[in-house]
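To keep things clear, I will list the structure first and then write my remarks on it.
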Amino acid sequence: MIVDTHCHIYRSEMENADEIIKQAAENDIHIILNGTDPLSNREVLELSDKYENVHAALGYFYTFADEITDEDIVLLDGQLKNDNVVAVGEIGLDYYHTKDNRDSQIVLFEKMLNLAEKHSLPAIVHSRKSMQDTFDILKKHDVVGSMHSYQGSAEMAQEFIKLGFFIGVSGPVTHTNNKKIRKMIRKIDMGHILVETDSPYLAPQEKRGEKNTPLNLKYIIGKIAEELDMSEEEVIKITSHNAMELFNL
């Protein structure tokens with residue numbers, strides 16, 4: 001079994017979501033679907049009920065920081081009780097496009113982490129150009145989880161690992177000009193690495209310009225194996241074990 005720990009394969013993102021999920025099942029790939037708003041969270045729950053290889057992560061993303069209401073928080077609180085839910089995510093901070101709503105992003109992130117604590121669920125965390133704020137906030141919460149598609153330094157990765165977080169490695173590890181991620185994975189222990197595709201985004205080098213799918217995990221696994229001088233089978237075994245332990249699969 002291979003575990004793709006981060007996808008957005010639902011109908012509001014991909015018209016052929018069911019077909020892709022079935023293809024993943026045929027290749028013994030389990031996927032964790034990440035919702036980002038009330039609509040996608042509902043879709044994730046529906047798909048996790050329908051397919052045995054789909055596991056649900058529910059959350060509200062930073063892009064909705066100024067829109068999420070108290071009623072939305074109550075709704076999510078109830079949905080997190082579903083047996084198919086394995087994490088609170090995708091949640092986090094992103095200052096890449098703007099910092100204008102930094103404060104509201106932080107407020108929403110804190111609310112999501114409070115729910116993760118309440119339901120004893122790991123968090124799947126997005127952090128872009130906001131690494132220090134993300135770290136400082138996570139330090140205040142009794143939550144473990146994964147750093148989704150991590151793009152920071154190896155030194156900062158080690159700090160997140162100390163908090164109980166795993167490091168998500170995705171398509172950019174294969175990108176020709178992204179030496180930073182390859183350097184990072186050489187410096188951290190495989191026992192703290194997860195593989196993910198972020199489908200339909202972040203396609204690997206071999207599929208640039210196409211919509212990404214869980215079938216492209218093979219390119220990510222292959223690059224990790226090459227960088228760490230391991231067999232692909234070893235990478236699959238270790239990262240799948242990491243995912244099963246973290247998400248209680």
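Chain labels follow the order of the structure tokens: the first chain is A, the next B, and so on; residue numbering restarts at 1 in every chain, and ligands are counted from 1 in their shown order.
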Find the residues around segment 238-240 of chain A up to 10 Å (only C-alpha atoms counted), leave out those fewer than 6 positions away in its own chain, and share them as a list in words.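 So the residues in contact are Met1, Ile2, Val3, Asp4, Thr5, Ile29, His30, Gly168, Met190, Gly191, His192, Ile193, Leu194, Val195, Glu196, Ile221, Leu246 and Leu249 of chain A.
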Neighbour list for segment 63-71 of chain A as a list of chain:residue names, cut-off 10 Å, only C-alpha atoms, skip fewer than 5 positions in-chain: A:Thr36, A:Asp37, A:Pro38, A:Leu76, A:Asp77, A:Ile91, A:Gly92, A:Leu93, A:Asp94, A:Asn101, A:Arg102, A:Asp103, A:Ser104, A:Gln105, A:Ile106, A:Val107, A:Leu108, A:Phe109
Which one is closest to Ile137 of chain A: A:Asn16, A:Asn114, A:Thr174, A:Ser153? Count only C-alpha atoms.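 Answer, going by the shortest atom-to-atom distance: A:Asn114.
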So which residues touch Ile181 of chain A within 9 Å, counting only C-alpha atoms, skipping near sequence neighbours fewer than 2 positions away, as a ChimeraX atom specification? /A:150-154,169,172-174,178-179,183-186
